[in-house]
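J.: Below: one structure in structure tokens.
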Amino acid sequence: MRIAAVLAVLALLPPVAFGAVQNGSWSLGPSDQPASVQFSLQSSQGDDHFSTSSTWKLADLHGLDWTAATKHDVSFAIARDAGTIDCKGFVQDQRGAGLFTFQANPQYRAEMAKLGFDFDDRELFSASIFDVSFDFAREMKAAAVRGLDAGKLLAFRIHGVTPQFVHDLRAAGLEAADAGRLIAFRIHGVTPDFVKELQSAGLKMSDEEKLIAFRIHGVSPEFIRDLRSAGIDTADPDKLIAFRIHGVSPEFAGEISHLGFPHAPPDQLIALRIHGVTPEYIEGLRSKGIQNLTLDQLINLRIHGID
């Protein structure tokens, strides 16, 4: 799929929402991360169902008594700008379960609207879980990101698009100003470090769609260095993507070079892979006395089914 099409699909995705949640159940258990727990929330109301589980900081579960080993009742709250999730239940040996109720902040929608973000009732619970705060909204608005609405703001929190992430991308030479692309960056792993590593490998890239394609298809700094070591021109990003799609590897290029075709142009290497001109095929022809063919001639033989 073309990257433009991927971004178009992202733009059409509905806002992530769990319905107009009022209550449900919770559970928690130990986490590998320090001062954290694995915390889960579930709810089923009419046609709306959701279940989410992730690592939460203990500090976000205000009032939770976590240290006592014996079974005991607990009451704690998750207080966010969008609303408060009140939890009651029990904990024993660092595991617990119970019920929760959600109370939306009646001022949240109005305050967010002043900032230009139109949240509906179905998004308030999600905004509480993922902590879409007033400060976060102000910071992202100040970052001058295009196409930023309530749904994208929520997606930013889910996928980890932060003001610092945007700042670091821009410091690495990217525009980093489109909301959909920023989400795609986080989904596919286009990080400031990745951009800098490409630069260190000799490829200065500012085309954001191609950077996403690099991550999707596996064009890495190591891949570029290995191609260059094999004597392959790596200046064209489209060719690098095509290499990964069609299987032009440094090893393949090296084998073709050893057969008497050093420094084969990228287009020819791609054509060899597309039409199945393998080192074995070339050696097979030579064993039959068919010698001194050019790469174009070898490709034409394969196109016409001559073995």
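Identifiers for the structure tokens are assigned positionally: chains receive A, B, ... in sequence, residues are indexed from 1 per chain, and ligands are indexed from 1 in the order shown.
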Run DSSP on the backbone and grab whatever in segment 65-296 of chain A lands in alpha helix (DSSP H); send it over as a ChimeraX atom specification.
T.: /A:108-114,121-129,134-142,150-159,163-171,179-188,192-200,208-217,221-229,237-246,250-258,266-275,279-287,295-296
J.: Using C-alpha atoms, can you export the residues from the last selection as a short mmCIF file (atom, residue, chain, number, x, y, z; two decimals), in the first residue's frame?
T.:
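Result file follows (out28.cif):
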data_model
loop_
_atom_site.label_atom_id
_atom_site.label_comp_id
_atom_site.auth_asym_id
_atom_site.auth_seq_id
_atom_site.Cartn_x
_atom_site.Cartn_y
_atom_site.Cartn_z
CA TYR A 108 -13.79 19.42 30.50
CA ARG A 109 -15.60 19.67 27.17
CA ALA A 110 -16.11 23.42 27.49
CA GLU A 111 -12.47 24.08 28.41
CA MET A 112 -11.20 21.86 25.60
CA ALA A 113 -13.53 23.62 23.15
CA LYS A 114 -11.84 26.90 24.04
CA ASP A 121 -19.27 12.26 25.80
CA ARG A 122 -18.07 8.94 24.38
CA GLU A 123 -14.46 10.16 24.44
CA LEU A 124 -14.32 11.41 28.03
CA PHE A 125 -13.55 8.05 29.61
CA SER A 126 -10.77 7.45 27.07
CA ALA A 127 -9.44 10.94 27.72
CA SER A 128 -9.30 10.08 31.42
CA ILE A 129 -7.55 6.73 30.96
CA PHE A 134 -5.44 20.63 29.56
CA ASP A 135 -1.66 21.14 29.75
CA PHE A 136 -1.03 18.48 27.10
CA ALA A 137 -3.63 20.04 24.80
CA ARG A 138 -2.07 23.49 25.23
CA GLU A 139 1.44 22.20 24.57
CA MET A 140 0.44 20.35 21.42
CA LYS A 141 -1.55 23.34 20.19
CA ALA A 142 1.52 25.52 20.73
CA ALA A 150 -9.77 15.78 19.60
CA GLY A 151 -9.40 12.30 18.09
CA LYS A 152 -5.81 12.91 17.03
CA LEU A 153 -5.00 14.45 20.42
CA LEU A 154 -6.25 11.25 22.05
CA ALA A 155 -4.26 9.16 19.55
CA PHE A 156 -1.17 11.22 20.42
CA ARG A 157 -1.50 10.13 24.05
CA ILE A 158 -2.15 6.49 23.11
CA HIS A 159 0.85 6.23 20.78
CA PRO A 163 5.80 17.84 22.57
CA GLN A 164 9.35 16.60 23.19
CA PHE A 165 9.00 13.99 20.42
CA VAL A 166 7.91 16.72 17.98
CA HIS A 167 10.75 19.02 19.10
CA ASP A 168 13.35 16.27 18.66
CA LEU A 169 12.08 15.34 15.20
CA ARG A 170 12.34 18.97 14.12
CA ALA A 171 15.82 19.21 15.59
CA ALA A 179 -0.81 15.04 12.97
CA GLY A 180 -1.46 11.92 10.89
CA ARG A 181 2.20 11.49 10.02
CA LEU A 182 3.27 11.97 13.63
CA ILE A 183 0.96 9.13 14.67
CA ALA A 184 2.32 6.99 11.83
CA PHE A 185 5.86 7.82 12.97
CA ARG A 186 5.14 6.38 16.41
CA ILE A 187 3.28 3.35 15.05
CA HIS A 188 6.08 2.42 12.64
CA PRO A 192 14.65 11.15 16.00
CA ASP A 193 17.38 8.57 16.60
CA PHE A 194 16.38 6.66 13.45
CA VAL A 195 16.62 9.86 11.38
CA LYS A 196 20.03 10.67 12.87
CA GLU A 197 21.28 7.12 12.25
CA LEU A 198 20.30 7.42 8.59
CA GLN A 199 22.24 10.67 8.42
CA SER A 200 25.26 8.95 9.97
CA GLU A 208 8.44 11.93 5.85
CA GLU A 209 6.43 9.50 3.73
CA LYS A 210 9.60 7.76 2.60
CA LEU A 211 10.83 7.56 6.19
CA ILE A 212 7.63 5.72 7.09
CA ALA A 213 8.16 3.45 4.08
CA PHE A 214 11.73 2.80 5.25
CA ARG A 215 10.43 1.52 8.57
CA ILE A 216 7.61 -0.51 7.00
CA HIS A 217 9.92 -2.26 4.54
CA PRO A 221 21.07 2.30 8.46
CA GLU A 222 22.80 -1.08 8.59
CA PHE A 223 21.16 -2.13 5.31
CA ILE A 224 22.37 1.08 3.64
CA ARG A 225 25.93 0.63 4.92
CA ASP A 226 26.03 -2.98 3.76
CA LEU A 227 24.77 -2.01 0.30
CA ARG A 228 27.39 0.70 0.02
CA SER A 229 30.10 -1.76 1.09
CA PRO A 237 15.39 6.41 -1.38
CA ASP A 238 12.86 4.92 -3.81
CA LYS A 239 15.44 2.43 -5.01
CA LEU A 240 16.26 1.46 -1.43
CA ILE A 241 12.59 0.76 -0.76
CA ALA A 242 12.34 -1.24 -3.99
CA PHE A 243 15.45 -3.21 -2.96
CA ARG A 244 13.69 -4.35 0.23
CA ILE A 245 10.39 -5.07 -1.51
CA HIS A 246 12.01 -7.21 -4.22
CA PRO A 250 24.00 -6.90 -0.27
CA GLU A 251 24.60 -10.66 -0.54
CA PHE A 252 22.66 -10.87 -3.81
CA ALA A 253 24.54 -7.90 -5.25
CA GLY A 254 27.84 -9.47 -4.18
CA GLU A 255 27.01 -12.75 -5.91
CA ILE A 256 26.07 -10.92 -9.11
CA SER A 257 29.33 -8.95 -8.90
CA HIS A 258 31.38 -12.13 -8.52
CA PRO A 266 20.05 -0.35 -9.02
CA ASP A 267 17.38 -0.64 -11.73
CA GLN A 268 19.05 -3.71 -13.18
CA LEU A 269 19.43 -5.35 -9.77
CA ILE A 270 15.72 -4.81 -9.14
CA ALA A 271 14.85 -6.20 -12.58
CA LEU A 272 16.99 -9.27 -11.93
CA ARG A 273 14.99 -10.02 -8.78
CA ILE A 274 11.62 -9.27 -10.36
CA HIS A 275 12.25 -11.64 -13.28
CA PRO A 279 23.14 -16.53 -9.66
CA GLU A 280 22.11 -20.16 -10.11
CA TYR A 281 20.28 -19.29 -13.33
CA ILE A 282 23.34 -17.49 -14.72
CA GLU A 283 25.66 -20.36 -13.79
CA GLY A 284 23.21 -22.83 -15.35
CA LEU A 285 23.32 -20.98 -18.67
CA ARG A 286 27.10 -20.85 -18.58
CA SER A 287 27.29 -24.57 -17.94
CA LEU A 295 22.37 -8.34 -17.63
CA ASP A 296 19.73 -6.96 -19.99
#
J.: Any chance you could tabulate, as a Markdown table, the residues of segment 60-97 of chain A at most 10 Å from segment 32-40 of chain A with each one's nearest atom pair and distance in Å to one decimal, using only C-alpha atoms, in chain and rising number order?
T.:
| residue | atom | partner | partner_atom | distance |
| --- | --- | --- | --- | --- |
| A:Asp60 | CA | A:Ser36 | CA | 9.3 |
| A:Leu61 | CA | A:Val37 | CA | 9.6 |
| A:Trp66 | CA | A:Val37 | CA | 9.8 |
| A:Gln94 | CA | A:Val37 | CA | 8.7 |
| A:Arg95 | CA | A:Val37 | CA | 9.2 |
| A:Gly96 | CA | A:Phe39 | CA | 9.4 |
| A:Ala97 | CA | A:Ser40 | CA | 9.2 |
J.: In terms of the shortest atom-to-atom distance over only C-alpha atoms, which of A:Thr294, A:Val161, A:Ser133, A:Lys288 is closest to Asn105 of chain A?
T.: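 That would be A:Ser133, the residue with the smallest distance to Asn105 of chain A.
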J.: Among segment 87-181 of chain A, which ones does DSSP assign to strand (DSSP E) (computed from the backbone)? Answer as a short mmCIF file (atom, residue, chain, number, x, y, z; two decimals) with all heavy atoms, in the first residue's frame.
T.:
data_model
loop_
_atom_site.label_atom_id
_atom_site.label_comp_id
_atom_site.auth_asym_id
_atom_site.auth_seq_id
_atom_site.Cartn_x
_atom_site.Cartn_y
_atom_site.Cartn_z
N CYS A 87 -12.41 3.64 42.30
CA CYS A 87 -12.30 2.18 42.36
C CYS A 87 -12.44 1.70 43.80
O CYS A 87 -11.84 2.25 44.71
CB CYS A 87 -10.94 1.73 41.82
SG CYS A 87 -10.63 2.22 40.10
N LYS A 88 -13.23 0.63 43.98
CA LYS A 88 -13.39 -0.01 45.29
C LYS A 88 -13.26 -1.51 45.09
O LYS A 88 -13.67 -2.06 44.07
CB LYS A 88 -14.74 0.33 45.92
CG LYS A 88 -14.94 1.82 46.20
CD LYS A 88 -16.24 2.07 46.91
CE LYS A 88 -16.50 3.56 47.08
NZ LYS A 88 -15.44 4.20 47.89
N GLY A 89 -12.66 -2.18 46.09
CA GLY A 89 -12.50 -3.62 45.98
C GLY A 89 -11.57 -4.13 47.06
O GLY A 89 -11.60 -3.64 48.19
N PHE A 90 -10.72 -5.10 46.69
CA PHE A 90 -9.79 -5.68 47.68
C PHE A 90 -8.44 -5.92 47.03
O PHE A 90 -8.31 -6.02 45.81
CB PHE A 90 -10.34 -7.00 48.23
CG PHE A 90 -10.27 -8.13 47.24
CD1 PHE A 90 -9.17 -8.97 47.20
CD2 PHE A 90 -11.30 -8.34 46.34
CE1 PHE A 90 -9.09 -10.01 46.28
CE2 PHE A 90 -11.24 -9.38 45.42
CZ PHE A 90 -10.13 -10.21 45.39
N VAL A 91 -7.42 -6.02 47.89
CA VAL A 91 -6.07 -6.37 47.46
C VAL A 91 -5.52 -7.41 48.42
O VAL A 91 -5.74 -7.33 49.64
CB VAL A 91 -5.14 -5.13 47.43
CG1 VAL A 91 -3.68 -5.55 47.27
CG2 VAL A 91 -5.54 -4.20 46.30
N GLN A 92 -4.82 -8.39 47.87
CA GLN A 92 -4.14 -9.40 48.69
C GLN A 92 -2.89 -9.86 47.96
O GLN A 92 -2.95 -10.24 46.79
CB GLN A 92 -5.06 -10.61 48.94
CG GLN A 92 -4.43 -11.67 49.84
CD GLN A 92 -5.38 -12.82 50.14
OE1 GLN A 92 -6.46 -12.90 49.57
NE2 GLN A 92 -4.97 -13.69 51.04
N ARG A 95 -2.18 -8.41 44.54
CA ARG A 95 -3.17 -8.65 43.49
C ARG A 95 -4.52 -8.18 44.01
O ARG A 95 -4.80 -8.28 45.21
CB ARG A 95 -3.25 -10.13 43.09
CG ARG A 95 -1.96 -10.64 42.48
CD ARG A 95 -2.10 -12.04 41.95
NE ARG A 95 -0.83 -12.52 41.39
CZ ARG A 95 -0.41 -12.26 40.17
NH1 ARG A 95 -1.17 -11.54 39.34
NH2 ARG A 95 0.77 -12.72 39.74
N GLY A 96 -5.34 -7.66 43.10
CA GLY A 96 -6.61 -7.15 43.56
C GLY A 96 -7.65 -7.09 42.46
O GLY A 96 -7.36 -7.28 41.27
N ALA A 97 -8.89 -6.81 42.86
CA ALA A 97 -9.99 -6.70 41.92
C ALA A 97 -11.11 -5.93 42.58
O ALA A 97 -11.14 -5.74 43.81
CB ALA A 97 -10.47 -8.08 41.48
N GLY A 98 -12.03 -5.44 41.77
CA GLY A 98 -13.16 -4.71 42.32
C GLY A 98 -13.97 -4.05 41.22
O GLY A 98 -13.90 -4.43 40.05
N LEU A 99 -14.73 -3.05 41.60
CA LEU A 99 -15.60 -2.32 40.68
C LEU A 99 -15.18 -0.85 40.63
O LEU A 99 -14.59 -0.33 41.57
CB LEU A 99 -17.05 -2.44 41.14
CG LEU A 99 -17.62 -3.86 41.25
CD1 LEU A 99 -19.03 -3.82 41.83
CD2 LEU A 99 -17.61 -4.56 39.89
N PHE A 100 -15.53 -0.19 39.53
CA PHE A 100 -15.25 1.23 39.42
C PHE A 100 -16.47 1.97 38.89
O PHE A 100 -17.35 1.40 38.26
CB PHE A 100 -14.05 1.48 38.49
CG PHE A 100 -14.34 1.34 37.02
CD1 PHE A 100 -14.94 2.36 36.29
CD2 PHE A 100 -14.02 0.16 36.35
CE1 PHE A 100 -15.21 2.22 34.94
CE2 PHE A 100 -14.28 0.02 34.99
CZ PHE A 100 -14.89 1.05 34.29
N THR A 101 -16.50 3.25 39.20
CA THR A 101 -17.48 4.17 38.61
C THR A 101 -16.72 5.35 38.02
O THR A 101 -15.65 5.72 38.51
CB THR A 101 -18.50 4.67 39.64
OG1 THR A 101 -17.80 5.32 40.71
CG2 THR A 101 -19.32 3.52 40.21
N PHE A 102 -17.25 5.90 36.94
CA PHE A 102 -16.60 7.03 36.29
C PHE A 102 -17.50 8.25 36.37
O PHE A 102 -18.68 8.19 36.08
CB PHE A 102 -16.32 6.71 34.82
CG PHE A 102 -15.81 7.88 34.03
CD1 PHE A 102 -14.59 8.47 34.35
CD2 PHE A 102 -16.55 8.42 32.99
CE1 PHE A 102 -14.11 9.56 33.64
CE2 PHE A 102 -16.09 9.51 32.27
CZ PHE A 102 -14.87 10.09 32.60
N GLN A 103 -16.88 9.36 36.77
CA GLN A 103 -17.58 10.64 36.83
C GLN A 103 -16.83 11.63 35.95
O GLN A 103 -15.70 12.00 36.24
CB GLN A 103 -17.66 11.16 38.27
CG GLN A 103 -18.39 12.47 38.41
CD GLN A 103 -19.85 12.39 37.99
OE1 GLN A 103 -20.58 11.48 38.43
NE2 GLN A 103 -20.30 13.30 37.15
N ALA A 104 -17.46 12.04 34.84
CA ALA A 104 -16.81 12.99 33.94
C ALA A 104 -16.73 14.37 34.58
O ALA A 104 -17.60 14.75 35.37
CB ALA A 104 -17.59 13.06 32.62
#
J.: Go ahead and compute the interatomic distance for atom CA of Leu41 of chain A and atom CA of Trp26 of chain A, in Å to one decimal.
T.: 4.5 Å
J.: How far is it from atom CA of Asp236 of chain A to atom CA of Ser249 of chain A, in Å with one decimal?
T.: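 Separating atom CA of Asp236 of chain A from atom CA of Ser249 of chain A is a distance of 15.4 Å.
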J.: Could you work out how far atom CA of Thr52 of chain A lies from atom CA of Val74 of chain A, giving the answer in Å with one decimal?
T.: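 It comes out at 20.8 Å.
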J.: Which residues are near Asp65 of chain A? Cut-off 9 Å, only C-alpha atoms, ignore same chain within fewer than 3 positions. Put them as a PyMOL selection string.
T.: chain A and resi 68+72-76+91
